[in-house]
>>> print(open('upload.cif').read())   # mmCIF, C-alpha atoms
data_work
loop_
_atom_site.label_atom_id
_atom_site.label_comp_id
_atom_site.auth_asym_id
_atom_site.auth_seq_id
_atom_site.Cartn_x
_atom_site.Cartn_y
_atom_site.Cartn_z
CA MET A 18 2.31 -1.82 41.94
CA ARG A 19 0.66 0.92 39.91
CA PRO A 20 -1.43 -0.29 36.90
CA ARG A 21 0.10 0.42 33.51
CA PRO A 22 -1.36 3.31 31.53
CA TYR A 23 -4.32 2.36 29.36
CA SER A 24 -2.44 2.83 26.07
CA GLU A 25 0.36 0.50 27.19
CA ARG A 26 -2.14 -2.16 28.26
CA VAL A 27 -3.87 -1.94 24.87
CA VAL A 28 -0.55 -2.33 23.04
CA ARG A 29 0.43 -5.35 25.12
CA ARG A 30 -2.95 -6.99 24.57
CA THR A 31 -2.94 -6.45 20.78
CA ARG A 32 0.65 -7.70 20.52
CA ASP A 33 -0.16 -10.85 22.46
CA VAL A 34 -3.48 -11.72 20.79
CA LEU A 35 -3.66 -10.41 17.23
CA PRO A 36 -2.22 -12.54 14.42
CA PRO A 37 0.10 -11.07 11.77
CA LEU A 38 -1.58 -9.75 8.64
CA ARG A 39 -0.61 -11.68 5.51
CA ASP A 40 0.82 -9.83 2.50
CA ARG A 41 -1.19 -10.03 -0.72
CA VAL A 42 1.50 -10.28 -3.41
CA GLU A 43 2.05 -12.61 -6.34
CA PRO A 44 4.71 -12.85 -9.08
CA GLY A 45 4.28 -10.16 -11.71
CA VAL A 46 3.20 -7.44 -9.26
CA ARG A 47 3.48 -4.02 -10.92
CA VAL A 48 2.33 -1.70 -8.13
CA LEU A 49 3.11 -2.54 -4.51
CA PHE A 50 1.06 -0.58 -1.97
CA VAL A 51 2.87 -0.12 1.33
CA GLY A 52 1.07 0.92 4.52
CA ILE A 53 2.83 1.78 7.76
CA ASN A 54 1.25 -1.00 9.89
CA PRO A 55 -2.10 -2.75 10.31
CA GLY A 56 -4.82 -1.35 12.53
CA VAL A 57 -6.52 -3.52 15.12
CA ARG A 58 -9.57 -4.24 12.96
CA SER A 59 -7.39 -5.24 10.00
CA ALA A 60 -5.54 -7.72 12.20
CA ARG A 61 -8.76 -9.09 13.64
CA THR A 62 -10.44 -9.54 10.26
CA GLY A 63 -7.31 -10.60 8.39
CA HIS A 64 -7.82 -7.94 5.71
CA HIS A 65 -5.87 -4.82 4.79
CA PHE A 66 -7.29 -1.31 5.26
CA ALA A 67 -10.31 -2.73 7.07
CA GLY A 68 -11.05 0.26 9.30
CA TYR A 69 -14.67 1.37 9.14
CA SER A 70 -13.73 4.88 7.97
CA ASN A 71 -10.88 3.82 5.68
CA ARG A 72 -11.43 4.88 2.07
CA PHE A 73 -8.66 2.90 0.37
CA TRP A 74 -10.98 0.49 -1.45
CA LYS A 75 -13.39 3.21 -2.55
CA LEU A 76 -10.45 5.22 -3.92
CA LEU A 77 -9.18 2.24 -5.90
CA ARG A 78 -12.52 1.96 -7.67
CA GLU A 79 -13.25 5.65 -8.19
CA SER A 80 -9.75 6.32 -9.53
CA GLY A 81 -10.12 3.52 -12.09
CA LEU A 82 -7.31 1.41 -10.65
CA VAL A 83 -9.75 -1.50 -10.36
CA PRO A 84 -12.70 -2.07 -12.72
CA GLU A 85 -15.37 -2.86 -10.11
CA PRO A 86 -16.32 -2.00 -6.52
CA ILE A 87 -14.33 -4.03 -3.99
CA THR A 88 -13.92 -4.03 -0.22
CA CYS A 89 -11.23 -5.09 2.20
CA GLU A 90 -12.59 -8.63 1.98
CA ASP A 91 -11.47 -8.69 -1.65
CA ASP A 92 -7.82 -7.91 -0.90
CA ASP A 93 -6.87 -11.38 -2.15
CA ARG A 94 -7.99 -10.23 -5.59
CA LEU A 95 -5.50 -7.38 -5.91
CA PRO A 96 -3.01 -9.55 -7.87
CA GLU A 97 -5.70 -9.94 -10.57
CA TRP A 98 -4.93 -6.34 -11.54
CA GLY A 99 -1.17 -6.49 -10.98
CA PHE A 100 -1.28 -5.00 -7.48
CA GLY A 101 0.16 -6.16 -4.18
CA ILE A 102 -0.06 -4.90 -0.62
CA THR A 103 2.19 -5.07 2.43
CA ASN A 104 3.17 -3.00 5.47
CA LEU A 105 6.39 -1.46 6.72
CA ILE A 106 5.70 -2.88 10.19
CA ALA A 107 3.80 -6.13 10.68
CA ARG A 108 2.63 -5.54 14.26
CA ALA A 109 -0.94 -4.26 14.60
CA THR A 110 -1.55 -1.32 16.91
CA PRO A 111 -4.47 0.98 17.77
CA GLY A 112 -2.46 3.87 16.30
CA ILE A 113 0.98 4.69 14.93
CA ASP A 114 1.88 6.63 18.08
CA THR A 115 2.38 3.31 19.89
CA LEU A 116 5.01 2.03 17.43
CA ARG A 117 8.55 1.78 18.75
CA PRO A 118 11.42 3.56 16.93
CA GLY A 119 13.32 0.33 16.34
CA GLU A 120 10.34 -1.18 14.54
CA HIS A 121 10.59 1.39 11.74
CA ALA A 122 14.24 0.59 10.99
CA ALA A 123 13.68 -3.16 11.16
CA GLY A 124 10.59 -2.86 8.97
CA GLU A 125 12.49 -0.88 6.35
CA ARG A 126 15.14 -3.60 6.07
CA ILE A 127 12.43 -6.24 5.59
CA LEU A 128 10.58 -4.10 3.06
CA ARG A 129 13.73 -3.61 1.01
CA ARG A 130 14.21 -7.38 0.86
CA LYS A 131 10.61 -7.84 -0.25
CA VAL A 132 10.94 -5.28 -3.03
CA ARG A 133 14.18 -6.82 -4.26
CA ARG A 134 12.46 -10.21 -4.37
CA TRP A 135 9.14 -9.13 -5.92
CA LYS A 136 10.56 -6.44 -8.26
CA PRO A 137 7.47 -4.23 -8.61
CA ALA A 138 7.70 -1.41 -11.13
CA ILE A 139 6.15 1.04 -8.65
CA VAL A 140 6.19 1.21 -4.86
CA ALA A 141 3.28 3.34 -3.63
CA PHE A 142 3.77 4.53 -0.06
CA VAL A 143 0.34 5.02 1.48
CA GLY A 144 0.97 7.93 3.80
CA VAL A 145 3.16 11.02 3.70
CA SER A 146 4.66 10.30 7.13
CA LEU A 147 5.67 6.83 5.92
CA TYR A 148 7.47 8.32 2.92
CA ARG A 149 9.18 10.89 5.15
CA PHE A 150 10.57 8.17 7.38
CA VAL A 151 11.84 5.90 4.61
CA PHE A 152 13.54 8.71 2.69
CA ARG A 153 14.47 10.86 5.71
CA ARG A 154 12.53 13.84 4.36
CA LYS A 155 11.26 16.86 6.27
CA GLY A 156 8.86 19.61 5.32
CA PRO A 157 6.03 19.56 2.78
CA ILE A 158 5.76 16.56 0.46
CA ASP A 159 3.87 16.65 -2.81
CA LEU A 160 1.62 13.69 -3.48
CA GLY A 161 2.31 11.62 -6.56
CA LEU A 162 5.45 10.62 -8.45
CA GLN A 163 8.77 11.24 -6.67
CA ALA A 164 12.31 11.62 -7.96
CA ASP A 165 13.48 8.88 -5.60
CA THR A 166 13.68 5.18 -6.34
CA PHE A 167 13.33 2.35 -3.85
CA GLU A 168 15.41 -0.75 -4.61
CA GLY A 169 15.05 0.05 -8.31
CA ALA A 170 11.31 0.77 -8.21
CA THR A 171 9.64 4.06 -9.07
CA VAL A 172 8.25 5.78 -5.95
CA PHE A 173 4.75 7.18 -5.61
CA VAL A 174 3.27 8.87 -2.54
CA LEU A 175 -0.41 8.51 -1.75
CA PRO A 176 -2.29 10.08 1.17
CA ASN A 177 -3.27 7.97 4.14
CA PRO A 178 -6.92 7.09 3.33
CA SER A 179 -7.96 6.80 6.97
CA GLY A 180 -11.04 8.77 7.95
CA ARG A 181 -8.92 10.31 10.70
CA ASN A 182 -6.62 11.96 8.16
CA ALA A 183 -7.69 15.61 8.13
CA ASN A 184 -4.70 16.79 6.09
CA PHE A 185 -6.35 16.01 2.74
CA THR A 186 -9.87 16.25 1.42
CA TYR A 187 -11.39 13.22 -0.27
CA LEU A 188 -11.06 15.00 -3.63
CA GLU A 189 -7.33 15.51 -3.07
CA MET A 190 -6.96 11.84 -2.16
CA LEU A 191 -8.86 10.82 -5.27
CA GLN A 192 -6.69 13.00 -7.50
CA ALA A 193 -3.56 11.31 -6.12
CA PHE A 194 -4.96 7.84 -6.80
CA LYS A 195 -5.97 8.94 -10.31
CA LYS A 196 -2.40 10.15 -10.92
CA LEU A 197 -1.16 6.70 -9.95
CA ASN A 198 -3.62 5.09 -12.35
CA ARG A 199 -2.51 7.31 -15.22
CA HIS A 200 1.15 6.65 -14.48
CA GLN A 201 0.86 2.87 -14.18
CA THR A 202 -1.37 2.71 -17.27
CA ALA A 203 1.19 4.66 -19.30
CA ARG A 204 3.95 2.31 -18.10
CA LEU A 205 1.80 -0.68 -18.97
CA ASP A 206 1.15 0.61 -22.49
CA ARG A 207 4.88 1.28 -23.02
CA PHE A 208 5.67 -2.24 -21.87
CA CYS A 209 3.15 -3.74 -24.29
CA THR A 210 4.61 -1.84 -27.25
CA SER A 211 8.30 -2.26 -26.41
CA ASP A 212 10.63 -4.30 -28.59
CA ARG A 213 12.14 -6.37 -25.80
CA GLY A 214 11.04 -9.93 -25.28
CA PRO A 215 8.03 -10.20 -22.96
CA ASP A 216 8.22 -11.63 -19.47
CA PRO A 217 5.53 -14.38 -19.33
CA VAL A 218 4.55 -13.41 -15.78
CA GLN A 219 4.18 -9.75 -16.73
CA VAL A 220 2.23 -10.68 -19.84
CA GLN A 221 -0.22 -12.71 -17.76
CA SER A 222 -0.67 -9.77 -15.39
CA THR A 223 -1.06 -7.35 -18.30
CA ASN A 224 -3.74 -9.48 -19.92
CA ARG A 225 -5.72 -9.52 -16.68
CA VAL A 226 -5.56 -5.71 -16.50
CA ARG A 227 -6.65 -5.30 -20.12
CA ALA A 228 -9.58 -7.63 -19.54
CA GLY A 229 -10.57 -5.54 -16.56
CA ARG A 230 -10.47 -2.36 -18.66
CA GLN A 231 -12.75 -3.88 -21.27
CA GLN A 232 -15.34 -4.75 -18.62
CA ARG A 233 -15.71 -1.15 -17.43
#
>>> encode(input="upload.cif", output="structure tokens")
Amino acid sequence: MRPRPYSERVVRRTRDVLPPLRDRVEPGVRVLFVGINPGVRSARTGHHFAGYSNRFWKLLRESGLVPEPITCEDDDRLPEWGFGITNLIARATPGIDTLRPGEHAAGERILRRKVRRWKPAIVAFVGVSLYRFVFRRKGPIDLGLQADTFEGATVFVLPNPSGRNANFTYLEMLQAFKKLNRHQTARLDRFCTSDRGPDPVQVQSTNRVRAGRQQR
């Protein structure tokens, strides 16, 4: 019997050994970050966007989305600022080229259920290719706010922050994250000044964000 190709052996080994990566979401989430699937290091460490060259956490800080420097080991703290994080596909792989077509469709159904349950104001798809799949788009995609909605949530597209992403410069990535910060801050301010009765969970989340702003 011929040995399986190296890539197939790697996929089988990661599927058999690596544990699923837990979502970081709590009631009152305003912005839900969605990645396509965990990398091997994320699954091994139990933390999102844990790749050595991944710039997600640096972008959060430099865009002003969070008030202090954090790393992947602080992903449990995201709900402090009204953020949550999940993936379209739970299975960890060395790269997205080893994902199976059926996993995308199954992952989308699960993601839709999650968004209906958590009710975030904004769903931020971290990766243009991820957005293209979910909304069946082709051709160039502008980063930032989209005309689409996803289970009632506003849709934002962010670049994949992996160091292997050569399609965007770091400055372009940072500008996209800053756009998200401006948009979610404007929504937050409108919520705080609206006449409708406040949701206690949202108020608690809002107060945490305001406290974070004051510490900057």
>>> residues_around(input="upload.cif", residues="Ala193 of chain A", least_positions_apart="6", cutoff="8 Å", atoms="all atoms listed in the file", output="PDB file with C-alpha atoms, keeping the file's coordinate frame")
ATOM      1  CA  LEU A 160       1.620  13.690  -3.480  1.00  0.00           C
ATOM      2  CA  GLY A 161       2.310  11.620  -6.560  1.00  0.00           C
ATOM      3  CA  LEU A 175      -0.410   8.510  -1.750  1.00  0.00           C
ATOM      4  CA  PRO A 176      -2.290  10.080   1.170  1.00  0.00           C
TER       5      PRO A 176
END
>>> resolve_selection(input="upload.cif", expression="the PyMOL selection byres ((chain A and resi 90) around 12)", output="MDAnalysis selection string")
chainID A and resid 41 59 62:68 74 86:89 91:95
>>> atom_distance(input="upload.cif", atom1="atom CA of Asn54 of chain A", atom2="atom CA of Glu85 of chain A")
26.1 Å
>>> resolve_selection(input="upload.cif", expression="the PyMOL selection byres ((chain A and resi 116) around 12)", output="count of residues only")
28
>>> resolve_selection(input="upload.cif", expression="the PyMOL selection byres ((chain A and resi 142-157) around 7)", output="count of residues only")
13
>>> residues_near_point(input="upload.cif", point="(2.8, -11.5, -7.1)", cutoff="9 Å", atoms="all atoms listed in the file", output="PDB file with C-alpha atoms, in the coordinates of the input")
ATOM      1  CA  ARG A  41      -1.190 -10.030  -0.720  1.00  0.00           C
ATOM      2  CA  VAL A  42       1.500 -10.280  -3.410  1.00  0.00           C
ATOM      3  CA  GLU A  43       2.050 -12.610  -6.340  1.00  0.00           C
ATOM      4  CA  PRO A  44       4.710 -12.850  -9.080  1.00  0.00           C
ATOM      5  CA  GLY A  45       4.280 -10.160 -11.710  1.00  0.00           C
ATOM      6  CA  VAL A  46       3.200  -7.440  -9.260  1.00  0.00           C
ATOM      7  CA  ARG A  47       3.480  -4.020 -10.920  1.00  0.00           C
ATOM      8  CA  PRO A  96      -3.010  -9.550  -7.870  1.00  0.00           C
ATOM      9  CA  GLY A  99      -1.170  -6.490 -10.980  1.00  0.00           C
ATOM     10  CA  PHE A 100      -1.280  -5.000  -7.480  1.00  0.00           C
ATOM     11  CA  GLY A 101       0.160  -6.160  -4.180  1.00  0.00           C
ATOM     12  CA  TRP A 135       9.140  -9.130  -5.920  1.00  0.00           C
ATOM     13  CA  PRO A 137       7.470  -4.230  -8.610  1.00  0.00           C
TER      14      PRO A 137
END
